[in-house]
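Accompanying notes for the structure given below.
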Amino acid sequence: MRKVHAIFIVLLVILGVFGVVYLFLFLQPQKIYLYSVYTTNPPKVDGNINCTEWASAFNMSFTFHCLDETRIGELYLMNNDTHLFFAFRIFNEDIYSSPDELWLWLDPDNDEKLDAYEDIKMLKTTSPFYIDAYHTSPYGGMYIYSDSVYGGTQDGYALWNHTNPNGTGILTFETVFPFISSDPHDLNVTRGDTIGINFEYYIFGACWPGDRLKPQDWAKLVIG
């Protein structure tokens with residue numbers, strides 16, 4: 001009887017350990033991997049997603065959500081050995097109620113931290129349509145600087161389009177920028193590297209896959 005009782009206790013302990021491990025894995029945020037597909041025929045960056053040009057790109061949908069605001073987004077990714085090409089569609093958006101901005105927070109050392117002097121790209125529906133920037137995080141706040149103002153260069157550009165000049169429609173951004181650059185504030189990585197990336201839809205402070213308090217979770221971008 002004592003032997004059966006001991007076996008029963010051991011089984012309970014084993015089940016408890018498995019339960020804890022399962023719960024830990026279940027509660028851990030699942031990493032999202034994005035892939036920049038290599039191409040020898042890069043798309044034209046003109047603010048319009050040409051299905052033929054982007055046919056071989058990595059593509060996925062995602063959701064920006066903050067409080068009572070939600071937007072569905074669609075992302076396309078490619079590279080041509082030196083530059084990254086991004087295309088975004090943001091659905092059910094009225095850009096004429098206020099200017100829209102989509103920020104790309106980049107984590108070149110892939111340490112999932114918002115380290116000072118790392119890269120930011122700002123895509124905007126007002127001029128200038130693209131700002132190549134970086135940030136510092138001194139005690140008590142964060143400061144964002146344009147590369148060209150503080151010793152660097154504006155590398156890359158972006159254009160946008162909207163399907164409905166009078167109301168709600170599809171907002172499209174296209175952008176290209178180098179991942180190999182002489183500017184110390186740019187990415188400066190190579191094909192085969194994995195970096196962290198987070199998208200912030202600045203109109204209502206929503207991030208994906210993190211939250212509105214700046215990147216708390218990072219997607220992984222594999223440069224193929």
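Identifiers in the structure tokens: chain A, B, ... in order shown; residue index from 1 per chain; ligand index from 1 in order shown.
The environment of Tyr35 of chain A within 12 Å, counting only C-alpha atoms and disregarding residues fewer than 4 places along the same chain, consists of Ser56, Ala57, Phe58, Asn59, Met60, Leu75, Tyr76, Leu77, Met78, Asn79, Leu84, Phe85, Phe86, Arg191, Gly192, Asp193, Thr194, Ile195, Gly196, Ile197, Ala219, Lys220, Leu221, Val222, Ile223 and Gly224 of chain A.
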Quick one: everything within 12 Å of Ile131 of chain A, counting only C-alpha atoms, minus sequence neighbours fewer than 2 positions away in the same chain. Send it as an mmCIF file with N, CA and C atoms, in the first residue's frame.
```cif
data_model
loop_
_atom_site.group_PDB
_atom_site.id
_atom_site.type_symbol
_atom_site.label_atom_id
_atom_site.label_comp_id
_atom_site.auth_asym_id
_atom_site.auth_seq_id
_atom_site.Cartn_x
_atom_site.Cartn_y
_atom_site.Cartn_z
ATOM 1 N N GLU A 101 1.533 58.628 -39.721
ATOM 2 C CA GLU A 101 2.952 58.299 -39.688
ATOM 3 C C GLU A 101 3.111 56.846 -39.282
ATOM 4 N N LEU A 102 3.948 56.132 -40.004
ATOM 5 C CA LEU A 102 4.299 54.757 -39.676
ATOM 6 C C LEU A 102 5.798 54.723 -39.383
ATOM 7 N N TRP A 103 6.155 54.357 -38.157
ATOM 8 C CA TRP A 103 7.563 54.340 -37.735
ATOM 9 C C TRP A 103 8.071 52.908 -37.694
ATOM 10 N N LEU A 104 9.276 52.714 -38.192
ATOM 11 C CA LEU A 104 9.957 51.416 -38.116
ATOM 12 C C LEU A 104 11.086 51.544 -37.095
ATOM 13 N N ASP A 119 18.377 52.665 -34.938
ATOM 14 C CA ASP A 119 17.812 53.256 -36.144
ATOM 15 C C ASP A 119 16.284 53.353 -36.087
ATOM 16 N N ILE A 120 15.747 54.442 -36.634
ATOM 17 C CA ILE A 120 14.307 54.620 -36.820
ATOM 18 C C ILE A 120 14.072 55.138 -38.232
ATOM 19 N N LYS A 121 13.059 54.612 -38.894
ATOM 20 C CA LYS A 121 12.626 55.157 -40.172
ATOM 21 C C LYS A 121 11.183 55.642 -39.997
ATOM 22 N N MET A 122 10.920 56.880 -40.408
ATOM 23 C CA MET A 122 9.589 57.469 -40.275
ATOM 24 C C MET A 122 8.986 57.666 -41.657
ATOM 25 N N LEU A 123 7.846 57.030 -41.892
ATOM 26 C CA LEU A 123 7.120 57.174 -43.154
ATOM 27 C C LEU A 123 5.906 58.049 -42.883
ATOM 28 N N LYS A 124 5.708 59.094 -43.671
ATOM 29 C CA LYS A 124 4.703 60.099 -43.350
ATOM 30 C C LYS A 124 3.849 60.441 -44.567
ATOM 31 N N THR A 125 2.623 60.907 -44.310
ATOM 32 C CA THR A 125 1.748 61.382 -45.382
ATOM 33 C C THR A 125 1.860 62.883 -45.580
ATOM 34 N N THR A 126 2.743 63.543 -44.823
ATOM 35 C CA THR A 126 3.041 64.952 -45.027
ATOM 36 C C THR A 126 4.539 65.094 -45.294
ATOM 37 N N SER A 127 4.899 66.152 -45.974
ATOM 38 C CA SER A 127 6.310 66.361 -46.318
ATOM 39 C C SER A 127 7.123 66.754 -45.078
ATOM 40 N N PRO A 128 8.316 66.194 -44.911
ATOM 41 C CA PRO A 128 8.967 65.175 -45.750
ATOM 42 C C PRO A 128 8.338 63.800 -45.528
ATOM 43 N N PHE A 129 8.189 63.040 -46.602
ATOM 44 C CA PHE A 129 7.507 61.751 -46.534
ATOM 45 C C PHE A 129 8.349 60.675 -45.847
ATOM 46 N N ALA A 133 16.307 58.480 -39.096
ATOM 47 C CA ALA A 133 16.589 59.052 -37.787
ATOM 48 C C ALA A 133 17.194 58.021 -36.839
ATOM 49 N N TYR A 134 17.559 58.489 -35.661
ATOM 50 C CA TYR A 134 17.999 57.613 -34.572
ATOM 51 C C TYR A 134 17.555 58.243 -33.265
ATOM 52 N N ILE A 144 14.769 62.103 -30.338
ATOM 53 C CA ILE A 144 14.887 61.549 -31.688
ATOM 54 C C ILE A 144 15.518 62.608 -32.587
ATOM 55 N N TYR A 145 16.539 62.190 -33.336
ATOM 56 C CA TYR A 145 17.288 63.104 -34.185
ATOM 57 C C TYR A 145 17.314 62.585 -35.614
ATOM 58 N N SER A 146 17.200 63.486 -36.562
ATOM 59 C CA SER A 146 17.405 63.139 -37.960
ATOM 60 C C SER A 146 18.885 62.892 -38.216
ATOM 61 N N ASP A 147 19.205 61.844 -38.959
ATOM 62 C CA ASP A 147 20.606 61.536 -39.270
ATOM 63 C C ASP A 147 21.320 62.716 -39.920
ATOM 64 N N SER A 148 20.649 63.406 -40.824
ATOM 65 C CA SER A 148 21.296 64.463 -41.597
ATOM 66 C C SER A 148 21.611 65.691 -40.752
ATOM 67 N N VAL A 149 20.930 65.855 -39.629
ATOM 68 C CA VAL A 149 21.169 67.011 -38.765
ATOM 69 C C VAL A 149 22.374 66.780 -37.864
ATOM 70 N N THR A 153 23.626 60.979 -42.875
ATOM 71 C CA THR A 153 22.972 61.282 -44.142
ATOM 72 C C THR A 153 21.575 60.669 -44.155
ATOM 73 N N GLN A 154 20.701 61.239 -44.980
ATOM 74 C CA GLN A 154 19.369 60.685 -45.175
ATOM 75 C C GLN A 154 19.477 59.577 -46.218
ATOM 76 N N ASP A 155 19.414 58.339 -45.764
ATOM 77 C CA ASP A 155 19.570 57.188 -46.646
ATOM 78 C C ASP A 155 18.213 56.512 -46.840
ATOM 79 N N GLY A 156 17.755 56.488 -48.083
ATOM 80 C CA GLY A 156 16.466 55.878 -48.388
ATOM 81 C C GLY A 156 15.402 56.915 -48.681
ATOM 82 N N TYR A 157 14.222 56.440 -49.033
ATOM 83 C CA TYR A 157 13.095 57.335 -49.279
ATOM 84 C C TYR A 157 11.798 56.536 -49.191
ATOM 85 N N ALA A 158 10.674 57.228 -49.171
ATOM 86 C CA ALA A 158 9.360 56.586 -49.103
ATOM 87 C C ALA A 158 8.352 57.426 -49.872
ATOM 88 N N LEU A 159 7.325 56.759 -50.397
ATOM 89 C CA LEU A 159 6.188 57.430 -51.021
ATOM 90 C C LEU A 159 4.914 56.731 -50.559
ATOM 91 N N THR A 175 8.702 51.925 -49.074
ATOM 92 C CA THR A 175 9.972 52.529 -48.696
ATOM 93 C C THR A 175 11.130 51.610 -49.042
ATOM 94 N N VAL A 176 12.292 52.208 -49.210
ATOM 95 C CA VAL A 176 13.535 51.469 -49.435
ATOM 96 C C VAL A 176 14.634 52.196 -48.675
ATOM 97 N N PHE A 177 15.511 51.437 -48.044
ATOM 98 C CA PHE A 177 16.667 52.025 -47.368
ATOM 99 C C PHE A 177 17.764 50.973 -47.264
#
```
Name the residues of segment 2-224 of chain A that fall into strand (DSSP E) according to DSSP on the backbone, using the chain letters and numbers of this document, as an MDAnalysis selection string.
-> chainID A and resid 33:38 58:66 69:79 83:93 101:107 119:124 130:136 143:146 157:162 169:178 194:201 206:208 219:223
Nearest to Ile170 of chain A, chosen from A:Ile95, A:Ala116, A:Ala206, A:Leu34, with only C-alpha atoms counted in the distances =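 So, comparing all the options, the nearest one is A:Ile95.
As for atom CA of Pro165 of chain A and atom CA of Thr63 of chain A, they are spaced 23.5 Å apart.
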Out of A:Asp81, A:Trp160, A:Asn188, A:Glu174, which residue has the shortest atom-to-atom distance to Trp54 of chain A when counting only C-alpha atoms?
->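 When distances to Trp54 of chain A are compared using only C-alpha atoms, the smallest one comes from A:Glu174.
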So how far away is atom CA of Cys51 of chain A from atom CA of Thr163 of chain A, in Å?
->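 If I compute the distance from atom CA of Thr163 of chain A to atom CA of Cys51 of chain A, I get 15.9 Å.
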Return the single residue from A:Ser182, A:Asn198, A:Gln216, A:Asn161 that is closest to Tyr33 of chain A, with distances computed using only C-alpha atoms.
-> A:Asn198
Excluding same-chain residues fewer than 3 positions from Thr70 of chain A, what lies within 12 Å of it counting only C-alpha atoms, as a list in words?
->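 My list of contacting residues is Phe62, Thr63, Phe64, His65, Cys66, Leu67, Gly73, Ile90, Phe91, Asn92, Glu93, Tyr201, Ile203, Phe204, Gly205, Ala206, Cys207 and Trp208 of chain A.
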